[in-house]
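Colleague: My structure is in structure_13.cif, and what it holds is mmCIF, C-alpha atoms:
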data_protein
loop_
_atom_site.label_atom_id
_atom_site.label_comp_id
_atom_site.auth_asym_id
_atom_site.auth_seq_id
_atom_site.Cartn_x
_atom_site.Cartn_y
_atom_site.Cartn_z
CA MET U 1 5.38 -10.97 7.47
CA THR U 2 7.81 -13.55 8.70
CA GLY U 3 11.42 -13.62 9.76
CA ALA U 4 13.55 -11.34 11.90
CA GLY U 5 11.57 -12.19 15.00
CA THR U 6 8.42 -10.54 13.66
CA THR U 7 5.40 -10.92 15.90
CA SER U 8 1.77 -10.04 15.47
CA PRO U 9 0.51 -6.79 16.98
CA ARG U 10 -1.51 -8.69 19.56
CA GLY U 11 1.21 -11.19 20.32
CA GLY U 12 -1.42 -13.60 21.67
CA GLY U 13 -2.59 -16.88 20.27
CA SER U 14 -6.33 -17.24 19.87
CA GLU U 15 -7.28 -13.78 18.57
CA THR U 16 -4.33 -13.63 16.19
CA GLN U 17 -5.17 -17.10 14.86
CA ARG U 18 -8.82 -16.15 14.45
CA ASP U 19 -7.93 -12.95 12.59
CA THR U 20 -5.48 -14.69 10.30
CA GLN U 21 -7.96 -17.45 9.48
CA LEU U 22 -10.68 -14.88 8.87
CA TRP U 23 -8.57 -12.92 6.45
CA HIS U 24 -6.90 -15.73 4.52
CA ARG U 25 -9.81 -17.95 3.54
CA PRO U 26 -9.11 -19.42 0.07
CA SER U 27 -11.51 -17.99 -2.47
CA ALA U 28 -12.72 -18.76 -5.95
CA SER U 29 -12.65 -15.07 -6.76
CA PRO U 30 -10.30 -13.68 -9.45
CA SER U 31 -6.62 -13.84 -8.52
CA THR U 32 -6.35 -10.07 -8.66
CA ILE U 33 -8.56 -9.83 -5.60
CA GLY U 34 -6.32 -11.95 -3.41
CA PRO U 35 -7.24 -14.22 -0.47
CA TRP U 36 -8.60 -11.48 1.74
CA LEU U 37 -12.25 -12.34 2.10
CA PRO U 38 -13.79 -13.13 5.48
CA GLU U 39 -16.30 -15.91 5.98
CA GLY U 40 -20.08 -15.68 5.89
CA GLU U 41 -22.39 -13.03 4.52
CA LEU U 42 -19.74 -10.33 4.73
CA GLY U 43 -17.39 -12.38 2.55
CA VAL U 44 -20.15 -12.91 -0.02
CA ALA U 45 -20.96 -9.18 -0.06
CA LEU U 46 -17.31 -8.17 -0.44
CA SER U 47 -16.72 -10.74 -3.16
CA ALA U 48 -19.68 -9.38 -5.11
CA GLY U 49 -18.49 -5.81 -4.56
CA LEU U 50 -14.96 -6.61 -5.71
CA LEU U 51 -16.28 -8.21 -8.88
CA ARG U 52 -18.22 -5.01 -9.55
CA VAL U 53 -15.04 -3.01 -8.96
CA GLU U 54 -13.06 -5.26 -11.29
CA SER U 55 -15.63 -4.87 -14.04
CA ALA U 56 -15.69 -1.09 -13.58
CA LEU U 57 -11.89 -0.96 -13.67
CA ALA U 58 -11.84 -2.85 -16.96
CA THR U 59 -14.28 -0.32 -18.39
CA ALA U 60 -12.29 2.60 -17.01
CA VAL U 61 -8.99 1.57 -18.63
CA ALA U 62 -10.57 0.81 -22.02
CA SER U 63 -10.10 3.20 -24.93
CA ASP U 64 -11.18 3.44 -28.55
CA HIS U 65 -7.48 3.23 -29.36
CA ALA U 66 -6.06 -0.28 -29.01
CA PHE U 67 -2.61 0.78 -27.84
CA VAL U 68 -4.00 3.10 -25.18
CA SER U 69 -6.16 0.25 -23.88
CA GLU U 70 -3.19 -2.09 -23.83
CA ALA U 71 -0.94 0.35 -21.98
CA ALA U 72 -3.64 1.48 -19.54
CA GLY U 73 -4.62 -2.10 -18.74
CA HIS U 74 -1.04 -3.34 -18.41
CA LEU U 75 -0.64 -3.03 -14.63
CA MET U 76 -4.24 -3.91 -13.92
CA ALA U 77 -3.80 -7.15 -15.84
CA ALA U 78 -0.61 -7.89 -13.87
CA GLY U 79 -2.76 -8.29 -10.75
CA GLY U 80 -2.51 -6.62 -7.38
CA LYS U 81 -4.19 -6.99 -4.02
CA ARG U 82 -6.87 -4.34 -4.63
CA PHE U 83 -6.10 -3.21 -1.11
CA ARG U 84 -7.71 0.21 -1.48
CA PRO U 85 -10.98 -0.94 -3.10
CA MET U 86 -11.27 -3.71 -0.52
CA LEU U 87 -10.95 -1.23 2.32
CA ALA U 88 -13.53 1.08 0.72
CA LEU U 89 -15.99 -1.78 0.32
CA LEU U 90 -15.33 -3.04 3.83
CA ALA U 91 -15.90 0.39 5.40
CA ALA U 92 -19.09 0.70 3.35
CA GLN U 93 -20.48 -2.44 4.95
CA LEU U 94 -21.14 -0.34 8.06
CA GLY U 95 -23.80 1.45 6.00
CA ASP U 96 -25.33 0.89 2.59
CA GLY U 97 -22.65 -1.31 1.07
CA GLU U 98 -24.69 -1.75 -2.13
CA ALA U 99 -24.57 1.93 -3.10
CA ASP U 100 -23.28 2.45 -6.65
CA GLU U 101 -21.26 5.45 -5.46
CA VAL U 102 -19.22 3.16 -3.21
CA VAL U 103 -18.03 1.13 -6.20
CA SER U 104 -17.27 4.27 -8.21
CA ALA U 105 -15.27 5.73 -5.32
CA ALA U 106 -13.36 2.47 -4.89
CA VAL U 107 -12.50 2.51 -8.59
CA VAL U 108 -11.33 6.14 -8.34
CA CYS U 109 -8.91 5.19 -5.57
CA GLU U 110 -7.55 2.17 -7.45
CA LEU U 111 -7.12 4.13 -10.68
CA THR U 112 -5.26 6.83 -8.77
CA HIS U 113 -3.03 4.20 -7.21
CA LEU U 114 -2.34 2.54 -10.57
CA ALA U 115 -1.52 5.89 -12.15
CA THR U 116 1.05 6.65 -9.47
CA LEU U 117 2.70 3.27 -10.11
CA TYR U 118 3.32 4.16 -13.77
CA HIS U 119 4.94 7.42 -12.71
CA ASP U 120 6.89 5.83 -9.84
CA ASP U 121 8.44 3.26 -12.16
CA VAL U 122 9.71 6.02 -14.42
CA MET U 123 11.24 7.94 -11.50
CA ASP U 124 12.73 4.76 -10.01
CA GLU U 125 13.85 3.42 -13.41
CA ALA U 126 12.16 0.18 -12.40
CA SER U 127 12.14 -2.72 -14.85
CA VAL U 128 9.63 -4.97 -13.06
CA ARG U 129 6.27 -4.30 -11.44
CA ARG U 130 4.08 -7.05 -9.96
CA GLY U 131 6.32 -9.70 -11.49
CA ALA U 132 5.85 -8.33 -15.02
CA PRO U 133 7.87 -5.86 -17.10
CA SER U 134 7.07 -2.31 -16.04
CA ALA U 135 5.39 -0.09 -18.62
CA ASN U 136 8.47 2.08 -18.99
CA SER U 137 10.70 -0.94 -19.70
CA ARG U 138 8.16 -2.57 -22.03
CA TRP U 139 7.58 0.64 -23.96
CA THR U 140 9.20 3.97 -23.01
CA ASN U 141 9.21 6.48 -20.17
CA SER U 142 7.00 8.78 -22.21
CA VAL U 143 4.40 6.07 -22.73
CA ALA U 144 4.42 5.22 -19.02
CA ILE U 145 4.01 8.87 -17.96
CA LEU U 146 1.21 9.52 -20.44
CA THR U 147 -0.55 6.31 -19.44
CA GLY U 148 -0.48 7.40 -15.81
CA ASP U 149 -1.96 10.73 -16.89
CA PHE U 150 -4.67 8.89 -18.81
CA LEU U 151 -5.64 6.93 -15.68
CA PHE U 152 -5.73 10.13 -13.62
CA ALA U 153 -8.08 11.58 -16.23
CA ARG U 154 -10.37 8.56 -16.06
CA ALA U 155 -10.40 8.76 -12.26
CA SER U 156 -11.33 12.45 -12.47
CA ASP U 157 -14.17 11.68 -14.87
CA LEU U 158 -15.67 9.19 -12.42
CA LEU U 159 -15.05 11.54 -9.53
CA ALA U 160 -17.05 14.35 -11.15
CA ASP U 161 -20.21 12.28 -10.70
CA LEU U 162 -19.55 11.90 -6.96
CA GLY U 163 -19.94 15.60 -6.19
CA PRO U 164 -17.78 18.60 -5.27
CA ASP U 165 -16.95 17.37 -1.77
CA ALA U 166 -15.47 14.17 -3.19
CA VAL U 167 -13.53 16.17 -5.78
CA ARG U 168 -12.09 18.33 -3.00
CA VAL U 169 -11.12 15.31 -0.88
CA GLN U 170 -9.42 13.70 -3.88
CA ALA U 171 -7.62 16.93 -4.79
CA ARG U 172 -6.21 17.22 -1.29
CA THR U 173 -5.25 13.56 -1.33
CA PHE U 174 -3.48 14.05 -4.64
CA GLU U 175 -1.68 17.07 -3.20
CA ARG U 176 -0.37 14.86 -0.40
CA LEU U 177 0.69 12.16 -2.85
CA VAL U 178 2.71 14.67 -4.87
CA THR U 179 4.10 16.38 -1.76
CA GLY U 180 5.25 13.04 -0.41
CA GLN U 181 6.95 12.19 -3.68
CA LEU U 182 8.64 15.58 -3.79
CA ARG U 183 9.84 15.24 -0.20
CA GLU U 184 11.20 11.80 -0.96
CA THR U 185 12.93 13.05 -4.10
CA VAL U 186 14.71 15.98 -2.44
CA GLY U 187 15.37 14.13 0.83
CA ALA U 188 15.41 15.31 4.41
CA GLN U 189 16.33 18.95 4.83
CA PRO U 190 19.18 20.19 7.06
CA GLY U 191 18.27 19.70 10.70
CA GLU U 192 15.36 17.37 9.85
CA ASP U 193 15.40 13.91 11.41
CA ARG U 194 15.69 11.39 8.57
CA ILE U 195 13.47 8.81 10.25
CA ASP U 196 10.70 11.35 10.97
CA HIS U 197 11.05 12.56 7.38
CA HIS U 198 10.74 9.01 6.06
CA LEU U 199 7.62 8.23 8.07
CA GLY U 200 6.08 11.52 6.97
CA VAL U 201 6.77 10.62 3.34
CA LEU U 202 5.07 7.25 3.82
CA ALA U 203 2.04 8.93 5.39
CA ASP U 204 1.73 11.24 2.37
CA LYS U 205 2.63 8.79 -0.41
CA THR U 206 0.74 5.75 0.85
CA GLY U 207 -1.30 6.53 3.95
CA SER U 208 -3.23 9.41 2.39
CA LEU U 209 -4.82 7.40 -0.42
CA VAL U 210 -5.59 4.43 1.82
CA ALA U 211 -7.24 6.87 4.25
CA THR U 212 -9.31 8.33 1.42
CA SER U 213 -10.36 4.84 0.34
CA ALA U 214 -11.80 4.15 3.79
CA ARG U 215 -13.31 7.64 3.93
CA PHE U 216 -15.00 7.34 0.54
CA GLY U 217 -16.36 3.87 1.26
CA ALA U 218 -17.87 4.93 4.56
CA SER U 219 -19.11 8.33 3.36
CA PHE U 220 -20.92 7.07 0.28
CA ALA U 221 -22.49 4.28 2.32
CA GLY U 222 -24.05 6.86 4.64
CA VAL U 223 -21.97 5.97 7.71
CA PRO U 224 -22.20 8.54 10.57
CA ALA U 225 -19.61 11.33 10.43
CA GLU U 226 -17.78 10.36 13.65
CA LEU U 227 -17.31 6.83 12.36
CA VAL U 228 -16.08 8.14 9.00
CA THR U 229 -13.42 10.11 10.90
CA ALA U 230 -12.27 7.03 12.83
CA LEU U 231 -12.13 4.91 9.67
CA THR U 232 -10.16 7.60 7.84
CA ALA U 233 -7.57 7.64 10.64
CA PHE U 234 -7.53 3.83 10.59
CA GLY U 235 -6.83 3.91 6.85
CA GLU U 236 -3.89 6.26 7.17
CA GLU U 237 -2.21 4.21 9.89
CA VAL U 238 -2.82 0.84 8.30
CA GLY U 239 -1.63 2.34 4.99
CA VAL U 240 1.71 3.34 6.50
CA ALA U 241 1.96 -0.11 8.06
CA PHE U 242 1.30 -1.67 4.65
CA GLN U 243 4.17 0.27 3.08
CA LEU U 244 6.50 -0.53 5.96
CA SER U 245 5.71 -4.21 5.54
CA ASP U 246 6.49 -3.91 1.81
CA ASP U 247 9.91 -2.50 2.69
CA LEU U 248 10.64 -5.23 5.22
CA ILE U 249 9.51 -7.95 2.81
CA ASP U 250 12.13 -6.64 0.38
CA ILE U 251 14.72 -7.54 3.02
CA VAL U 252 13.43 -10.78 4.55
CA SER U 253 11.92 -12.40 1.47
CA GLU U 254 14.11 -15.28 0.32
CA GLY U 255 12.64 -15.95 -3.09
CA GLY U 256 11.27 -12.73 -4.51
CA ALA U 257 7.72 -13.55 -3.47
CA SER U 258 6.89 -9.84 -3.59
CA GLY U 259 7.45 -9.75 -7.37
CA LYS U 260 10.95 -8.30 -7.18
CA LEU U 261 14.31 -9.71 -6.18
CA PRO U 262 15.14 -9.52 -2.45
CA GLY U 263 17.26 -6.52 -1.57
CA THR U 264 16.17 -4.45 -4.57
CA ASP U 265 15.98 -1.32 -2.41
CA LEU U 266 19.55 -1.89 -1.20
CA ARG U 267 20.81 -2.29 -4.75
CA GLU U 268 19.07 0.92 -5.81
CA GLY U 269 20.25 2.89 -2.77
CA ILE U 270 16.73 3.40 -1.40
CA ALA U 271 17.05 3.94 2.35
CA THR U 272 14.05 2.25 3.93
CA LEU U 273 13.39 2.32 7.67
CA PRO U 274 15.79 -0.49 8.73
CA VAL U 275 18.62 1.14 6.79
CA LEU U 276 17.82 4.55 8.27
CA PHE U 277 17.94 3.06 11.77
CA ALA U 278 21.32 1.51 10.99
CA LEU U 279 22.72 4.74 9.57
CA ALA U 280 21.46 6.76 12.53
CA GLY U 281 22.93 4.38 15.10
CA ASP U 282 26.38 3.89 16.54
CA ASP U 283 26.18 0.22 17.51
CA PRO U 284 29.64 -1.30 16.89
CA ALA U 285 27.93 -4.52 15.83
CA GLU U 286 26.44 -2.66 12.88
CA ALA U 287 29.58 -0.78 11.81
CA ARG U 288 30.09 -2.95 8.73
CA LEU U 289 26.39 -2.69 7.86
CA ARG U 290 26.53 1.11 8.03
CA GLU U 291 29.57 1.08 5.76
CA LEU U 292 27.81 -1.09 3.19
CA VAL U 293 24.45 0.71 3.09
CA ALA U 294 25.81 4.26 2.98
CA GLY U 295 24.95 4.18 -0.75
CA PRO U 296 23.69 1.81 -3.43
CA VAL U 297 25.03 -1.73 -2.90
CA VAL U 298 25.68 -2.88 -6.46
CA ASP U 299 28.52 -5.38 -6.01
CA ASP U 300 26.95 -8.86 -5.76
CA ALA U 301 29.15 -10.05 -2.91
CA GLU U 302 28.66 -6.86 -0.89
CA HIS U 303 24.93 -6.96 -1.61
CA ALA U 304 24.67 -10.49 -0.24
CA GLU U 305 26.71 -9.48 2.81
CA ALA U 306 24.58 -6.37 3.47
CA LEU U 307 21.36 -8.34 3.12
CA ALA U 308 22.56 -11.01 5.55
CA LEU U 309 23.71 -8.40 8.09
CA LEU U 310 20.47 -6.47 7.77
CA ARG U 311 18.32 -9.58 8.27
CA SER U 312 19.94 -10.30 11.61
CA SER U 313 20.30 -6.68 12.74
CA ALA U 314 18.83 -4.80 15.65
CA SER U 315 17.86 -2.12 13.10
CA LEU U 316 15.52 -4.54 11.36
CA ALA U 317 14.02 -5.48 14.72
CA ARG U 318 13.46 -1.78 15.48
CA ALA U 319 11.77 -1.24 12.12
CA THR U 320 9.57 -4.27 12.73
CA ALA U 321 8.56 -2.76 16.08
CA VAL U 322 7.53 0.45 14.28
CA LEU U 323 5.44 -1.60 11.86
CA ASN U 324 3.72 -3.33 14.76
CA ASP U 325 3.12 0.02 16.45
CA TYR U 326 1.34 1.42 13.38
CA ALA U 327 -0.80 -1.72 13.16
CA ASP U 328 -1.62 -1.43 16.86
CA ARG U 329 -2.58 2.22 16.45
CA ALA U 330 -4.81 1.34 13.51
CA ARG U 331 -6.44 -1.44 15.52
CA ALA U 332 -7.09 0.98 18.40
CA ARG U 333 -9.16 3.14 16.01
CA LEU U 334 -11.58 0.24 15.76
CA ASP U 335 -12.86 0.97 19.27
CA ALA U 336 -15.24 3.37 17.51
CA VAL U 337 -16.53 0.64 15.16
CA PRO U 338 -19.53 -1.43 16.29
CA GLU U 339 -18.71 -5.02 17.22
CA GLY U 340 -19.41 -7.51 14.47
CA PRO U 341 -17.97 -9.02 11.27
CA VAL U 342 -16.77 -5.70 9.81
CA ARG U 343 -14.79 -4.82 12.90
CA GLU U 344 -13.34 -8.35 12.98
CA ALA U 345 -12.34 -8.08 9.33
CA LEU U 346 -10.68 -4.70 9.86
CA SER U 347 -8.80 -6.15 12.81
CA ALA U 348 -7.80 -9.07 10.60
CA LEU U 349 -6.42 -6.55 8.12
CA CYS U 350 -4.07 -5.26 10.83
CA THR U 351 -2.85 -8.82 11.35
CA TYR U 352 -2.49 -9.41 7.62
CA VAL U 353 -0.35 -6.31 7.20
CA VAL U 354 2.27 -7.49 9.70
CA THR U 355 2.21 -11.18 8.73
CA ARG U 356 2.06 -11.05 4.94
CA THR U 357 5.01 -12.31 2.92
CA SER U 358 4.21 -10.80 -0.47
#
What's the structure tokens form of this structure?

Modeller:
Amino acid sequence: MTGAGTTSPRGGGSETQRDTQLWHRPSASPSTIGPWLPEGELGVALSAGLLRVESALATAVASDHAFVSEAAGHLMAAGGKRFRPMLALLAAQLGDGEADEVVSAAVVCELTHLATLYHDDVMDEASVRRGAPSANSRWTNSVAILTGDFLFARASDLLADLGPDAVRVQARTFERLVTGQLRETVGAQPGEDRIDHHLGVLADKTGSLVATSARFGASFAGVPAELVTALTAFGEEVGVAFQLSDDLIDIVSEGGASGKLPGTDLREGIATLPVLFALAGDDPAEARLRELVAGPVVDDAEHAEALALLRSSASLARATAVLNDYADRARARLDAVPEGPVREALSALCTYVVTRTS
């Protein structure tokens, strides 16, 4: 991401440039995939795998009932980075990346992610998702909730063919997703540090499914167990970094490139990491900021003021440092990965997470 003095995890020139170029090669692939593909044979293999995933997703959201198909395909048609399937396919390239189970597992993770988005939009009363009307605003909350349930059911159906171990991993992942959402809903408990609570919520709500994506991709490709463990840890840390970057983009984005208006979290009273740092601090320079962000900032003038103060704040710089730290920790996990294009691409993912603008 850019702005607010953000730097890459490496901070150096040549390796960061190489990683960024590797990860952002323009592609003729469908727009839903995004410009993530590396060069060479690995890029060709991932492109082919992602097309298989996209086809399987289209099949998974289809129903004999036209309205169910329309609702279930609504968010998929709106696009998305396919971050979780890409990570599964990339991890699988360390083994048998052509295995059919790898594609099925990648689809399970993306369906699970899509299902949570339908439910999240209901809980957040969101009107826009991925630049398009959310399902709950286009139809009703009931339709959105039931559509999410439908996608969970389709994911479970695919999962049943992957064996009891995969079912157990997914069940425990889903438990973490729900636990994270519950913890976020009820907030930090008395005596609990709000920043630690927030990072724990992100690990459960986002990191857990990204970790499972890497785990499934590697496992079903026959990657050795110790490498599966390292890739799972990588997925959790890069997943938290991905969510942190989403939250910072909401602040520093000037034109709503992320698909929502800048400062949406402020307007809705969602305390992301920069706001939590401001609220926890006592810096006189941030006194006015703390006053503004103590609750939802709905007045247009106050919203503009809060956004400007936050963009130039030490709290934003501290949150950016936490993002970089998670990316660095994820990159350190790659010491266990053999040198080569896959390791370079995973490293490039760490760079992408902290430099992306949407």

Colleague: If the PyMOL selection byres ((chain U and resi 194-211) around 6) were run on this exact file, what residues would it hold? Put them as a ChimeraX atom specification.

Modeller: /U:84,173,176-177,180,188,193,212-214,232,235-236,239-240

Colleague: So which residues touch Leu146 (chain U) within 9 Å, counting all atoms listed in the file, skipping near sequence neighbours fewer than 5 positions away, as a PyMOL selection string?

Modeller: chain U and resi 118-119+141+151

Colleague: Which residue out of U:Ala308, U:Ala71, U:Leu114, U:Leu231 has the minimum interatomic distance to Ala332 (chain U) when all atoms listed in the file are used?

Modeller: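 Residue with the minimum atom-to-atom distance to Ala332 (chain U): U:Leu231.
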
Colleague: Excluding Val61 (chain U) and residues on its chain fewer than 5 positions from it, collect all residues at most 8 Å away from it, counting only C-alpha atoms, and give them as a ChimeraX atom specification.

Modeller: /U:69,72-73,151,154

Colleague: Quick one: distance from CA of Lys81 (chain U) to CA of Ser55 (chain U) in Å, one decimal?

Modeller: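 Between CA of Lys81 (chain U) and CA of Ser55 (chain U) the gap is 15.4 Å.
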
Colleague: Can you turn the PyMOL selection byres ((chain U and resi 170) around 12) into a concrete residue list for this file, as a VMD selection string?

Modeller: chain U and resid 105 to 106 108 to 109 111 to 113 152 155 to 156 158 to 160 162 to 169 171 to 177 208 to 213 215 to 216

Colleague: From the options U:Glu70, U:Asp282, U:Asp100, U:Asp335, which residue's atoms come nearest to Leu227 (chain U), counting all atoms listed in the file?

Modeller: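 Smallest distance to Leu227 (chain U) is found for U:Asp335.
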
Colleague: Interatomic distance between CA of Leu309 (chain U) and CA of Pro284 (chain U)?

Modeller: 12.8 Å

Colleague: I need the residue nearest Arg288 (chain U) from this list: U:Ser63, U:Cys350, U:Ser313, U:Arg267. Use all atoms listed in the file for the distance.

Modeller: U:Ser313

Colleague: I want to know what sits within 12 Å of Ala319 (chain U), based on all atoms listed in the file, with residues of the same chain fewer than 5 positions away left out; could you give that as number ranges by chain?

Modeller: U: 4-6, 195, 198-199, 241, 243-249, 251, 272-278, 310-311, 313-314, 324-326, 354

Colleague: Pick out the closest residue to Asp124 (chain U) from this set: U:Val178, U:Ile270, U:Val102, U:Ala218. Count only C-alpha atoms.

Modeller: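 For Asp124 (chain U), the nearest of the given residues is U:Ile270.
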
Colleague: Which residue out of U:Asn136, U:Thr351, U:Ser253, U:Thr264 has the minimum interatomic distance to His74 (chain U) when only C-alpha atoms are used?

Modeller: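 Comparing U:Asn136, U:Thr351, U:Ser253, U:Thr264 against His74 (chain U), the winner is U:Asn136.
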
Colleague: What does the distance from CA of Gly222 (chain U) to CA of Gly95 (chain U) come to in Å, to one decimal?

Modeller: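 Result for CA of Gly222 (chain U) versus CA of Gly95 (chain U): 5.6 Å, one decimal.
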
Colleague: Report as AutoDock Vina command-line options the centre and the edge lengths, in Å to one decimal, of the axis-aligned box holding every listed atom of region 154-165 of chain U, padded by 6 Å on each side.

Modeller:
--center_x -15.3 --center_y 13.6 --center_z -8.9 --size_x 21.8 --size_y 22.0 --size_z 26.3

Colleague: Using only C-alpha atoms, which protein or nucleic acid residues come within 10 Å of Gly217 (chain U)? Drop anything in the same chain fewer than 6 positions from it, and give the result as a ChimeraX atom specification.

Modeller: /U:84-97,99,101-106,223,228,231-232
